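Raw contents of coords.cif, mmCIF, C-alpha atoms:
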```cif
data_coords
loop_
_atom_site.label_atom_id
_atom_site.label_comp_id
_atom_site.auth_asym_id
_atom_site.auth_seq_id
_atom_site.Cartn_x
_atom_site.Cartn_y
_atom_site.Cartn_z
CA MET A 104 101.84 -177.27 -128.94
CA VAL A 105 98.98 -176.48 -126.57
CA PRO A 106 96.29 -179.23 -126.62
CA ALA A 107 93.02 -178.13 -128.21
CA SER A 108 91.16 -178.90 -125.00
CA LEU A 109 93.10 -176.21 -123.12
CA TYR A 110 92.55 -173.33 -125.53
CA LYS A 111 89.28 -172.06 -124.13
CA PRO A 112 90.31 -172.41 -120.43
CA LEU A 113 93.57 -170.55 -121.14
CA TYR A 114 91.69 -167.87 -123.08
CA LEU A 115 89.21 -167.38 -120.24
CA ILE A 116 92.01 -167.20 -117.66
CA LEU A 117 93.84 -164.56 -119.70
CA ILE A 118 90.72 -162.44 -120.25
CA THR A 119 89.76 -162.74 -116.58
CA LEU A 120 93.18 -161.51 -115.43
CA LEU A 121 93.10 -158.62 -117.89
CA THR A 122 89.56 -157.69 -116.89
CA LEU A 123 90.54 -157.61 -113.22
CA PHE A 124 93.59 -155.51 -114.11
CA VAL A 125 91.52 -152.88 -115.93
CA PHE A 126 88.71 -153.08 -113.35
CA SER A 127 91.13 -152.22 -110.54
CA ARG A 128 92.17 -149.04 -112.35
CA TYR A 129 88.84 -147.77 -113.60
CA HIS A 130 87.08 -148.51 -110.33
CA ARG A 131 89.45 -146.14 -108.51
CA ILE A 132 89.23 -143.21 -110.92
CA LYS A 133 88.04 -140.10 -109.15
CA PRO A 134 84.95 -138.39 -110.60
CA ILE A 135 86.87 -135.27 -111.65
CA SER A 136 89.78 -137.19 -113.12
CA GLU A 137 90.49 -137.20 -116.84
CA TYR A 138 92.61 -140.33 -116.43
CA ARG A 139 92.41 -142.68 -119.39
CA GLN A 140 93.97 -145.96 -120.41
CA ASN A 141 95.73 -144.76 -123.58
CA SER A 142 99.06 -145.22 -121.77
CA TYR A 143 98.59 -148.99 -122.33
CA HIS A 144 98.98 -148.79 -126.10
CA LEU A 145 101.92 -151.22 -126.19
CA LEU A 146 100.08 -153.71 -123.97
CA THR A 147 97.05 -153.60 -126.26
CA ILE A 148 99.14 -154.16 -129.40
CA SER A 149 100.96 -157.03 -127.70
CA LEU A 150 97.63 -158.58 -126.69
CA VAL A 151 96.33 -158.41 -130.27
CA ALA A 152 99.53 -159.98 -131.63
CA PHE A 153 99.44 -162.75 -129.01
CA LEU A 154 95.81 -163.62 -129.77
CA ILE A 155 96.47 -163.72 -133.51
CA LEU A 156 99.30 -166.22 -133.00
CA PHE A 157 97.60 -168.18 -130.20
CA ILE A 158 94.30 -168.64 -132.01
CA GLY A 159 95.65 -168.62 -135.56
CA LEU A 160 98.14 -171.44 -134.92
CA ARG A 161 95.73 -173.64 -132.94
CA PRO A 162 95.66 -177.36 -133.77
CA VAL A 163 92.91 -178.74 -136.01
CA SER A 164 90.11 -180.19 -133.89
CA TYR A 165 86.59 -181.26 -134.86
CA LYS A 166 85.71 -181.70 -131.20
CA TYR A 167 86.78 -178.32 -129.84
CA PHE A 168 86.77 -176.05 -132.91
CA VAL A 169 84.07 -177.83 -135.00
CA ASP A 170 84.05 -176.01 -138.36
CA MET A 171 87.84 -175.77 -138.34
CA GLY A 172 88.10 -179.50 -138.98
CA SER A 173 85.74 -179.20 -141.94
CA TYR A 174 87.83 -176.43 -143.48
CA ALA A 175 91.04 -178.42 -143.00
CA HIS A 176 89.44 -181.51 -144.57
CA TRP A 177 88.07 -179.49 -147.49
CA TYR A 178 91.48 -177.96 -148.06
CA SER A 179 93.35 -181.27 -147.91
CA THR A 180 90.98 -183.30 -150.11
CA MET A 181 89.65 -180.77 -152.61
CA LEU A 182 91.65 -177.55 -152.79
CA SER A 183 95.35 -178.15 -152.32
CA GLY A 184 97.05 -177.85 -155.71
CA SER A 185 93.78 -177.51 -157.61
CA GLN A 186 93.33 -175.00 -160.41
CA PHE A 187 91.72 -171.79 -159.19
CA TYR A 188 88.79 -170.20 -160.92
CA PHE A 189 86.67 -167.38 -159.55
CA ASP A 190 83.20 -168.64 -158.57
CA SER A 191 80.69 -165.80 -158.72
CA THR A 192 77.81 -168.07 -157.64
CA THR A 193 79.13 -169.02 -154.20
CA ASP A 194 77.29 -167.75 -151.11
CA ASN A 195 80.34 -166.07 -149.55
CA ILE A 196 81.96 -164.61 -152.60
CA LEU A 197 85.12 -163.23 -151.01
CA PHE A 198 85.80 -165.81 -148.32
CA ASP A 199 85.08 -168.85 -150.46
CA ASN A 200 87.14 -167.63 -153.40
CA LEU A 201 89.98 -166.56 -151.12
CA PHE A 202 90.03 -170.02 -149.54
CA ALA A 203 89.95 -171.69 -152.97
CA TRP A 204 92.82 -169.52 -154.24
CA TRP A 205 94.80 -170.22 -151.05
CA GLY A 206 94.47 -173.94 -151.71
CA SER A 207 95.35 -173.62 -155.38
CA GLU A 208 98.60 -171.91 -154.39
CA GLN A 209 99.25 -174.62 -151.75
CA LEU A 210 99.86 -172.01 -149.05
CA GLY A 211 98.62 -174.38 -146.33
CA TYR A 212 95.49 -174.30 -144.20
CA THR A 213 97.50 -173.32 -141.10
CA SER A 214 98.54 -170.05 -142.71
CA PHE A 215 94.92 -169.49 -143.80
CA PHE A 216 93.65 -169.86 -140.24
CA LEU A 217 96.38 -167.43 -139.19
CA LEU A 218 95.16 -164.95 -141.81
CA VAL A 219 91.57 -165.24 -140.60
CA ALA A 220 92.69 -164.74 -136.99
CA THR A 221 94.57 -161.62 -138.10
CA ILE A 222 91.41 -160.24 -139.71
CA TYR A 223 89.26 -161.20 -136.70
CA PHE A 224 91.43 -159.76 -133.94
CA GLY A 225 93.15 -157.07 -136.01
CA ALA A 226 90.10 -155.52 -137.65
CA SER A 227 88.11 -155.57 -134.41
CA TYR A 228 91.01 -153.89 -132.60
CA LEU A 229 91.35 -151.15 -135.23
CA GLY A 230 87.60 -150.55 -135.19
CA ILE A 231 87.46 -150.38 -131.41
CA LYS A 232 90.47 -148.05 -131.39
CA LYS A 233 88.54 -145.67 -133.65
CA LEU A 234 85.39 -145.93 -131.53
CA PHE A 235 87.19 -145.69 -128.15
CA PRO A 236 90.42 -143.75 -128.83
CA ASN A 237 91.11 -143.00 -125.15
CA ASP A 238 89.97 -146.31 -123.67
CA THR A 239 91.09 -148.82 -126.28
CA LEU A 240 92.50 -151.44 -123.94
CA ALA A 241 89.42 -151.47 -121.71
CA ALA A 242 86.99 -151.57 -124.64
CA TYR A 243 88.96 -154.29 -126.43
CA ILE A 244 89.02 -156.48 -123.33
CA VAL A 245 85.24 -156.11 -123.03
CA PHE A 246 85.00 -157.25 -126.65
CA LEU A 247 87.23 -160.26 -125.91
CA ALA A 248 85.18 -161.13 -122.81
CA ALA A 249 81.90 -161.25 -124.73
CA PHE A 250 80.04 -164.56 -124.67
CA SER A 251 80.45 -165.24 -128.39
CA THR A 252 83.94 -163.84 -129.09
CA PHE A 253 85.97 -167.02 -128.58
CA SER A 254 83.49 -169.20 -130.46
CA TYR A 255 83.63 -167.04 -133.57
CA ALA A 256 87.40 -166.86 -133.42
CA THR A 257 87.70 -170.66 -133.57
CA ASN A 258 84.47 -172.07 -135.02
CA GLY A 259 82.23 -169.76 -137.06
CA ILE A 260 85.27 -168.04 -138.53
CA LYS A 261 83.58 -166.69 -141.69
CA ALA A 262 80.92 -164.89 -139.67
CA GLY A 263 83.49 -163.77 -137.10
CA ALA A 264 85.82 -162.24 -139.67
CA ALA A 265 82.87 -160.57 -141.42
CA ALA A 266 81.66 -159.09 -138.12
CA SER A 267 85.13 -157.71 -137.30
CA LEU A 268 85.33 -156.04 -140.70
CA PHE A 269 81.95 -154.45 -140.00
CA ILE A 270 83.19 -153.18 -136.62
CA LEU A 271 86.09 -151.59 -138.47
CA ALA A 272 83.62 -150.04 -140.92
CA LEU A 273 81.72 -148.50 -138.00
CA GLY A 274 84.94 -146.87 -136.87
CA TYR A 275 85.01 -145.06 -140.21
CA ARG A 276 81.32 -144.24 -140.27
CA ASP A 277 82.07 -140.56 -140.99
CA ASN A 278 84.35 -141.44 -143.91
CA LEU A 279 82.15 -143.19 -146.46
CA LYS A 280 85.05 -143.77 -148.87
CA VAL A 281 86.48 -146.16 -146.29
CA CYS A 282 83.27 -147.28 -144.58
CA ILE A 283 81.38 -148.51 -147.65
CA PRO A 284 84.16 -150.76 -149.02
CA LEU A 285 84.60 -152.29 -145.55
CA VAL A 286 80.86 -152.92 -145.26
CA LEU A 287 80.92 -154.65 -148.66
CA LEU A 288 83.98 -156.67 -147.62
CA SER A 289 82.14 -157.90 -144.53
CA TRP A 290 79.20 -158.93 -146.68
CA GLY A 291 81.53 -160.72 -149.08
CA PHE A 292 83.02 -162.72 -146.21
CA HIS A 293 79.65 -164.01 -145.03
CA HIS A 294 76.28 -163.81 -146.75
CA SER A 295 74.39 -163.35 -143.46
CA MET A 296 75.83 -159.82 -143.22
CA ILE A 297 73.22 -158.76 -145.75
CA MET A 298 70.86 -158.41 -142.79
CA VAL A 299 73.36 -156.23 -140.94
CA VAL A 300 73.99 -154.09 -144.01
CA ALA A 301 70.26 -153.64 -144.58
CA ALA A 302 69.69 -152.67 -140.94
CA PHE A 303 72.64 -150.28 -141.10
CA VAL A 304 71.10 -148.50 -144.09
CA VAL A 305 67.73 -148.29 -142.33
CA THR A 306 69.30 -146.69 -139.24
CA LEU A 307 70.92 -144.02 -141.40
CA PHE A 308 67.47 -142.77 -142.40
CA ILE A 309 65.30 -143.63 -139.38
CA LYS A 310 67.12 -142.19 -136.39
CA ASN A 311 64.57 -141.94 -133.58
CA PRO A 312 65.56 -144.47 -130.84
CA LYS A 313 61.97 -144.61 -129.56
CA ILE A 314 60.88 -146.34 -132.78
CA TYR A 315 63.49 -149.05 -132.31
CA PHE A 316 62.68 -149.59 -128.63
CA VAL A 317 58.99 -150.04 -129.49
CA GLY A 318 59.98 -152.36 -132.34
CA TRP A 319 62.19 -154.44 -130.02
CA VAL A 320 59.32 -154.90 -127.55
CA PHE A 321 57.01 -155.86 -130.42
CA CYS A 322 59.51 -158.49 -131.58
CA PHE A 323 59.74 -159.87 -128.06
CA LEU A 324 55.95 -160.24 -127.91
CA MET A 325 55.90 -161.98 -131.30
CA ALA A 326 58.60 -164.38 -130.10
CA ALA A 327 56.71 -165.12 -126.89
CA ALA A 328 53.60 -165.86 -128.96
CA HIS A 329 55.63 -168.16 -131.27
CA VAL A 330 54.59 -166.34 -134.43
CA SER A 331 56.45 -168.07 -137.29
CA TYR A 332 55.39 -165.76 -140.12
CA PHE A 333 58.48 -163.60 -139.90
CA ALA A 334 60.96 -166.48 -140.21
CA GLU A 335 59.17 -167.57 -143.37
CA PHE A 336 59.22 -163.99 -144.65
CA PHE A 337 62.96 -163.48 -144.05
CA SER A 338 63.78 -166.85 -145.65
CA GLY A 339 62.82 -165.33 -148.98
CA PHE A 340 65.69 -162.83 -148.77
CA THR A 341 68.55 -165.18 -147.97
CA THR A 342 70.43 -168.08 -149.56
CA ASP A 343 69.09 -171.65 -149.64
CA HIS A 344 71.44 -172.49 -146.76
CA GLY A 345 70.15 -169.53 -144.72
CA ALA A 346 66.54 -170.39 -145.53
CA GLU A 347 67.13 -173.92 -144.24
CA TYR A 348 68.24 -172.46 -140.89
CA LEU A 349 65.21 -170.19 -140.68
CA LEU A 350 62.59 -172.75 -141.66
CA THR A 351 63.91 -175.62 -139.52
CA GLU A 352 63.04 -175.37 -135.85
CA GLY A 353 65.77 -176.33 -133.40
CA GLY A 354 65.64 -178.86 -130.63
CA ASP A 355 68.09 -181.57 -131.60
CA GLU A 356 71.62 -181.76 -130.29
CA GLY A 357 73.61 -178.79 -131.56
CA THR A 358 70.50 -176.98 -132.80
CA LYS A 359 68.88 -175.71 -129.64
CA GLY A 360 65.68 -173.88 -130.32
CA GLY A 361 62.52 -172.87 -128.55
CA PHE A 362 61.87 -169.77 -126.50
CA ARG A 363 65.40 -168.89 -125.35
CA ILE A 364 64.82 -166.85 -122.21
CA ASP A 365 68.56 -167.08 -121.45
CA PHE A 366 69.42 -165.43 -124.76
CA ILE A 367 66.71 -162.80 -124.28
CA LEU A 368 67.96 -161.82 -120.82
CA TYR A 369 71.49 -161.59 -122.15
CA SER A 370 70.42 -159.54 -125.18
CA ALA A 371 68.33 -157.19 -123.05
CA VAL A 372 71.24 -155.75 -121.04
CA PRO A 373 72.41 -153.21 -123.68
CA VAL A 374 68.74 -152.45 -124.32
CA VAL A 375 68.17 -151.57 -120.66
CA VAL A 376 71.37 -149.51 -120.54
CA GLY A 377 70.33 -147.68 -123.70
CA TRP A 378 66.81 -147.07 -122.41
CA TYR A 379 68.22 -145.66 -119.15
CA ALA A 380 70.61 -143.39 -121.06
CA VAL A 381 67.95 -142.12 -123.46
CA PHE A 382 64.83 -141.83 -121.30
CA ARG A 383 65.97 -141.61 -117.67
CA LYS A 384 69.28 -139.80 -117.68
CA ASN A 385 68.31 -137.75 -120.75
CA ILE A 386 71.88 -137.76 -122.00
CA LYS A 387 72.50 -135.61 -125.06
CA LEU A 388 73.56 -138.57 -127.16
CA THR A 389 76.03 -138.45 -130.01
CA ASN A 390 74.79 -139.53 -133.43
CA LEU A 391 77.19 -142.48 -133.37
CA TYR A 392 75.78 -143.97 -130.19
CA LYS A 393 72.21 -143.51 -131.40
CA ASN A 394 73.16 -145.27 -134.62
CA LEU A 395 74.87 -148.12 -132.75
CA LEU A 396 71.96 -148.52 -130.35
CA ASN A 397 69.36 -148.40 -133.12
CA LEU A 398 71.33 -150.93 -135.15
CA TYR A 399 71.57 -153.32 -132.21
CA LEU A 400 67.87 -153.00 -131.38
CA CYS A 401 66.92 -153.63 -135.00
CA LEU A 402 69.16 -156.68 -135.44
CA ASN A 403 68.34 -158.20 -132.07
CA GLY A 404 64.65 -157.72 -132.78
CA VAL A 405 64.98 -159.62 -136.05
CA TRP A 406 66.69 -162.45 -134.19
CA MET A 407 63.74 -162.69 -131.76
CA LEU A 408 61.38 -162.96 -134.73
CA CYS A 409 63.45 -165.97 -135.86
CA MET A 410 64.19 -167.34 -132.40
CA TYR A 411 62.70 -170.78 -132.98
CA ALA A 412 64.96 -171.51 -135.95
CA ALA A 413 67.73 -174.09 -135.83
CA PHE A 414 71.14 -172.69 -134.82
CA THR A 415 69.39 -169.63 -133.39
CA ASN A 416 72.70 -168.55 -131.81
CA ARG A 417 74.09 -167.93 -135.32
CA ILE A 418 71.24 -165.55 -136.05
CA ALA A 419 71.65 -163.93 -132.64
CA TYR A 420 75.34 -163.32 -133.39
CA LEU A 421 74.35 -160.80 -136.04
CA SER A 422 73.44 -158.49 -133.17
CA TRP A 423 75.71 -159.96 -130.50
CA PHE A 424 78.92 -158.99 -132.25
CA LEU A 425 77.85 -155.40 -131.51
CA TYR A 426 76.90 -156.25 -127.92
CA PRO A 427 80.11 -155.22 -126.08
CA ILE A 428 80.41 -151.96 -128.04
CA VAL A 429 76.80 -150.90 -127.50
CA LEU A 430 76.95 -151.98 -123.86
CA ILE A 431 79.91 -149.81 -122.83
CA TYR A 432 79.72 -146.90 -125.27
CA PRO A 433 77.57 -144.58 -123.09
CA PHE A 434 79.88 -145.08 -120.10
CA LEU A 435 83.09 -144.28 -121.94
CA GLN A 436 82.03 -141.92 -124.73
CA GLU A 437 78.89 -140.17 -123.42
CA GLN A 438 78.33 -137.86 -120.45
CA TRP A 439 76.92 -140.58 -118.23
CA GLY A 440 77.78 -138.78 -115.00
CA LYS A 441 80.57 -138.20 -112.50
CA ASN A 442 80.78 -141.89 -111.56
CA ARG A 443 80.77 -143.23 -115.10
CA TYR A 444 84.17 -144.93 -114.82
CA LYS A 445 83.14 -146.78 -111.70
CA ALA A 446 79.86 -147.74 -113.37
CA PHE A 447 81.82 -148.95 -116.39
CA SER A 448 84.10 -151.07 -114.22
CA LEU A 449 81.11 -152.79 -112.62
CA VAL A 450 79.46 -153.41 -115.98
CA MET A 451 82.75 -154.79 -117.28
CA LEU A 452 82.98 -157.20 -114.35
CA GLY A 453 79.36 -158.33 -114.73
CA HIS A 454 79.89 -158.81 -118.46
CA LEU A 455 82.81 -161.15 -117.80
CA GLY A 456 80.88 -162.90 -115.04
CA PHE A 457 78.08 -163.82 -117.44
CA THR A 458 80.54 -165.33 -119.93
CA LEU A 459 82.27 -167.36 -117.20
CA PHE A 460 78.92 -168.56 -115.86
CA MET A 461 77.72 -169.66 -119.30
CA ASP A 462 80.97 -171.41 -120.21
CA ILE A 463 81.74 -173.03 -116.86
CA VAL A 464 78.33 -173.64 -115.27
CA TYR A 465 75.57 -173.46 -117.90
CA TYR A 466 77.39 -175.27 -120.72
CA GLY A 467 80.23 -176.72 -118.67
#
```
Kindly return the structure encoded in the file as structure tokens.
Amino acid sequence: MVPASLYKPLYLILITLLTLFVFSRYHRIKPISEYRQNSYHLLTISLVAFLILFIGLRPVSYKYFVDMGSYAHWYSTMLSGSQFYFDSTTDNILFDNLFAWWGSEQLGYTSFFLLVATIYFGASYLGIKKLFPNDTLAAYIVFLAAFSTFSYATNGIKAGAAASLFILALGYRDNLKVCIPLVLLSWGFHHSMIMVVAAFVVTLFIKNPKIYFVGWVFCFLMAAAHVSYFAEFFSGFTTDHGAEYLLTEGGDEGTKGGFRIDFILYSAVPVVVGWYAVFRKNIKLTNLYKNLLNLYLCLNGVWMLCMYAAFTNRIAYLSWFLYPIVLIYPFLQEQWGKNRYKAFSLVMLGHLGFTLFMDIVYYG
């Protein structure tokens, strides 16, 4: 078995090699070419299957996978062989009850982690395949190379699985009979998705990107001024556990808080790309991209209003799980220009570079 300490280095090595592989092909595409990466369907499927097994069968480790150890302990001491009853009062009604039932049937926590990894990598793949049908491999690798992807595959697994289900729901945005149940599933997996669901509904009715760009700038100014009113306001719409996050300012070990200029600069990249696409290149945007961009701007703006809260990265993730999709969508699915594939390849490389810098230098 691979030691827990090697999982993240091996993951980063794999994603780096795959990124360089795709970069070398997209960077050379001629402007008039219609070349796409759909010929790598088998490679993409194999990658998804490998990640499910690699991450799903990882060893239990408090040190390297944090929450995983807590789940394993909870399973071993409280759930295994217990009598199952459906708890309608729990915060995460689907995830928590599924975990309790899994324990009552003594199916083993290893198989449960494998199931969650299947949802995380499988649902995100299927959603990305729907959103990027001709560039699935490239788009999926960008998703895997995102700063928060590995962490939510191994640590914040409830939120990660919920986010992947929401990505799948976005892939079926034009088919409400499929989209709505998936959105509700994502909410059932983690209560924090209520904010994402609410923002999603808002973007269905308010569609002008200019409103969201102005709102994002306003949220940035409120964060810079350390206005705490909004965190107190949002705490009234969440669970007691969520309210504790919002009303407790970070600063201790593991709960970094304060004015996170690093997070703001990272979050701003899709915003700048979107602004350039909308106001400088005047691209005739599809409704889907406008919805994705508006949703990201709305969610990231809410995070900035709550930036000083403890575990601010967990609030930021509610927009960051959309980050890779919003970042690359205009290059692959919109009429960005004759050099859009080359531009995409450079963005893809920079995206990976940020993750490597944060993991190896900033946090390393």
- Item | Shortest interatomic distance to Trp177 (chain A) - which of A:Phe189, A:Phe362, A:Phe202, A:Trp423, counting only C-alpha atoms |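 Among the listed residues, A:Phe202 lies closest to Trp177 (chain A).
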- Task: Tell me, as a list in words, which residues lie within 8 Å of region 391-396 of chain A, counting all atoms listed in the file; anything in the same chain fewer than 3 positions away does not count.
- Result: Thr306, Leu307, Lys310, Pro312, Val374, Gly377, Leu388, Tyr399, Leu400, Leu425, Val429, Tyr432 and Pro433 of chain A
- Query: Could you pull the residues within 8 Å of Met171 (chain A), counting only C-alpha atoms, minus those fewer than 5 positions along the same chain, as number ranges by chain?
  - Reply: A: 163-165, 257-258
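Here the PyMOL selection byres ((chain A and resi 275) around 12) catches exactly these residues: Ala226, Leu229, Gly230, Ile231, Lys232, Lys233, Leu234, Leu268, Phe269, Ile270, Leu271, Ala272, Leu273, Gly274, Arg276, Asp277, Asn278, Leu279, Lys280, Val281, Cys282, Ile283, Pro284, Leu285, Val286 and Leu391 of chain A.
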- Item | For CA of Thr147 (chain A) and CA of Leu247 (chain A), the interatomic separation in Å (one decimal) |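 Those two atoms sit 11.9 Å apart.
Here CA of Val375 (chain A) and CA of Leu452 (chain A) stand 17.1 Å from one another.
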- Could you tell me how far CA of Ser179 (chain A) lies from CA of Thr213 (chain A), in Å and to one decimal? 11.3 Å
- Query: For Leu121 (chain A), which of A:Leu150, A:Ile222, A:Ala419, A:Met407 is the closest residue, counting all atoms listed in the file?
  - Reply: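 Under the stated criterion, the closest residue is A:Leu150.
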- Item | Nearest to Val304 (chain A), chosen from A:Ile418, A:Met410, A:Val125, A:Leu398, with only C-alpha atoms counted in the distances | A:Leu398
Write out as a compact mmCIF listing (two decimals) with C-alpha atoms, in the coordinates of the input which residues come within 12 Å of Phe187 (chain A) when counting only C-alpha atoms, dropping same-chain ones fewer than 3 positions away.
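See around-v1.txt below for the written result:
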```
# COMPACT_ATOMS: atom_id res chain seq x y z
CA MET A 181 89.65 -180.77 -152.61
CA LEU A 182 91.65 -177.55 -152.79
CA SER A 183 95.35 -178.15 -152.32
CA GLY A 184 97.05 -177.85 -155.71
CA ASP A 190 83.20 -168.64 -158.57
CA ASP A 199 85.08 -168.85 -150.46
CA ASN A 200 87.14 -167.63 -153.40
CA LEU A 201 89.98 -166.56 -151.12
CA PHE A 202 90.03 -170.02 -149.54
CA ALA A 203 89.95 -171.69 -152.97
CA TRP A 204 92.82 -169.52 -154.24
CA TRP A 205 94.80 -170.22 -151.05
CA GLY A 206 94.47 -173.94 -151.71
CA SER A 207 95.35 -173.62 -155.38
CA GLU A 208 98.60 -171.91 -154.39
CA GLN A 209 99.25 -174.62 -151.75
```
- Could you tell me, as a ChimeraX atom specification, which residues have any atom at most 12 Å from (87.2, -164.8, -138.5), counting only C-alpha atoms? /A:155,158-159,170-171,198,215-227,252-269,289,292-293,424
- Message: Could you check the closest approach to Asn237 (chain A) for each of A:Val450, A:Leu435, A:Ile297, A:Val305 and tell me which residue wins, using all atoms listed in the file?
- Response: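 Looking only at the distances to Asn237 (chain A), the closest residue turns out to be A:Leu435.
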- the PyMOL selection byres ((chain A and resi 370) around 9) on the file shown: which residues, as a PyMOL selection string? chain A and resi 365-369+371-374+403+419+422-423+426
- Distance criterion (only C-alpha atoms): nearest to Ser251 (chain A) out of A:Val464, A:Met298, A:Leu120, A:Leu421: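 Closest to Ser251 (chain A) of all the choices is A:Leu421.
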Once you add 8 Å to each side, what are the centre and edge lengths of the axis-aligned box holding all listed atoms of region 237-242 of chain A? One decimal in Å, as AutoDock Vina command-line options, if you can.
```
--center_x 89.7 --center_y -147.3 --center_z -124.0 --size_x 21.5 --size_y 24.6 --size_z 20.6
```
- With only C-alpha atoms as the atoms that count, which of A:Ala107, A:Cys322, A:Leu210, A:Leu455 lies nearest to Phe168 (chain A)?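 The answer is A:Ala107, which sits nearest to Phe168 (chain A).
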- Step by step, work through what the PyMOL selection byres ((chain A and resi 453) around 12) selects in the shown file, and finish by giving those residues as a ChimeraX atom specification. /A:119,122-123,126,245,248-250,369,372,427,430-431,446-452,454-460
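Excluding Leu145 (chain A) and any residue on its chain fewer than 6 positions from it, the residues at most 12 Å away by only C-alpha atoms are Val151, Ala152, Thr239 and Leu240 of chain A.
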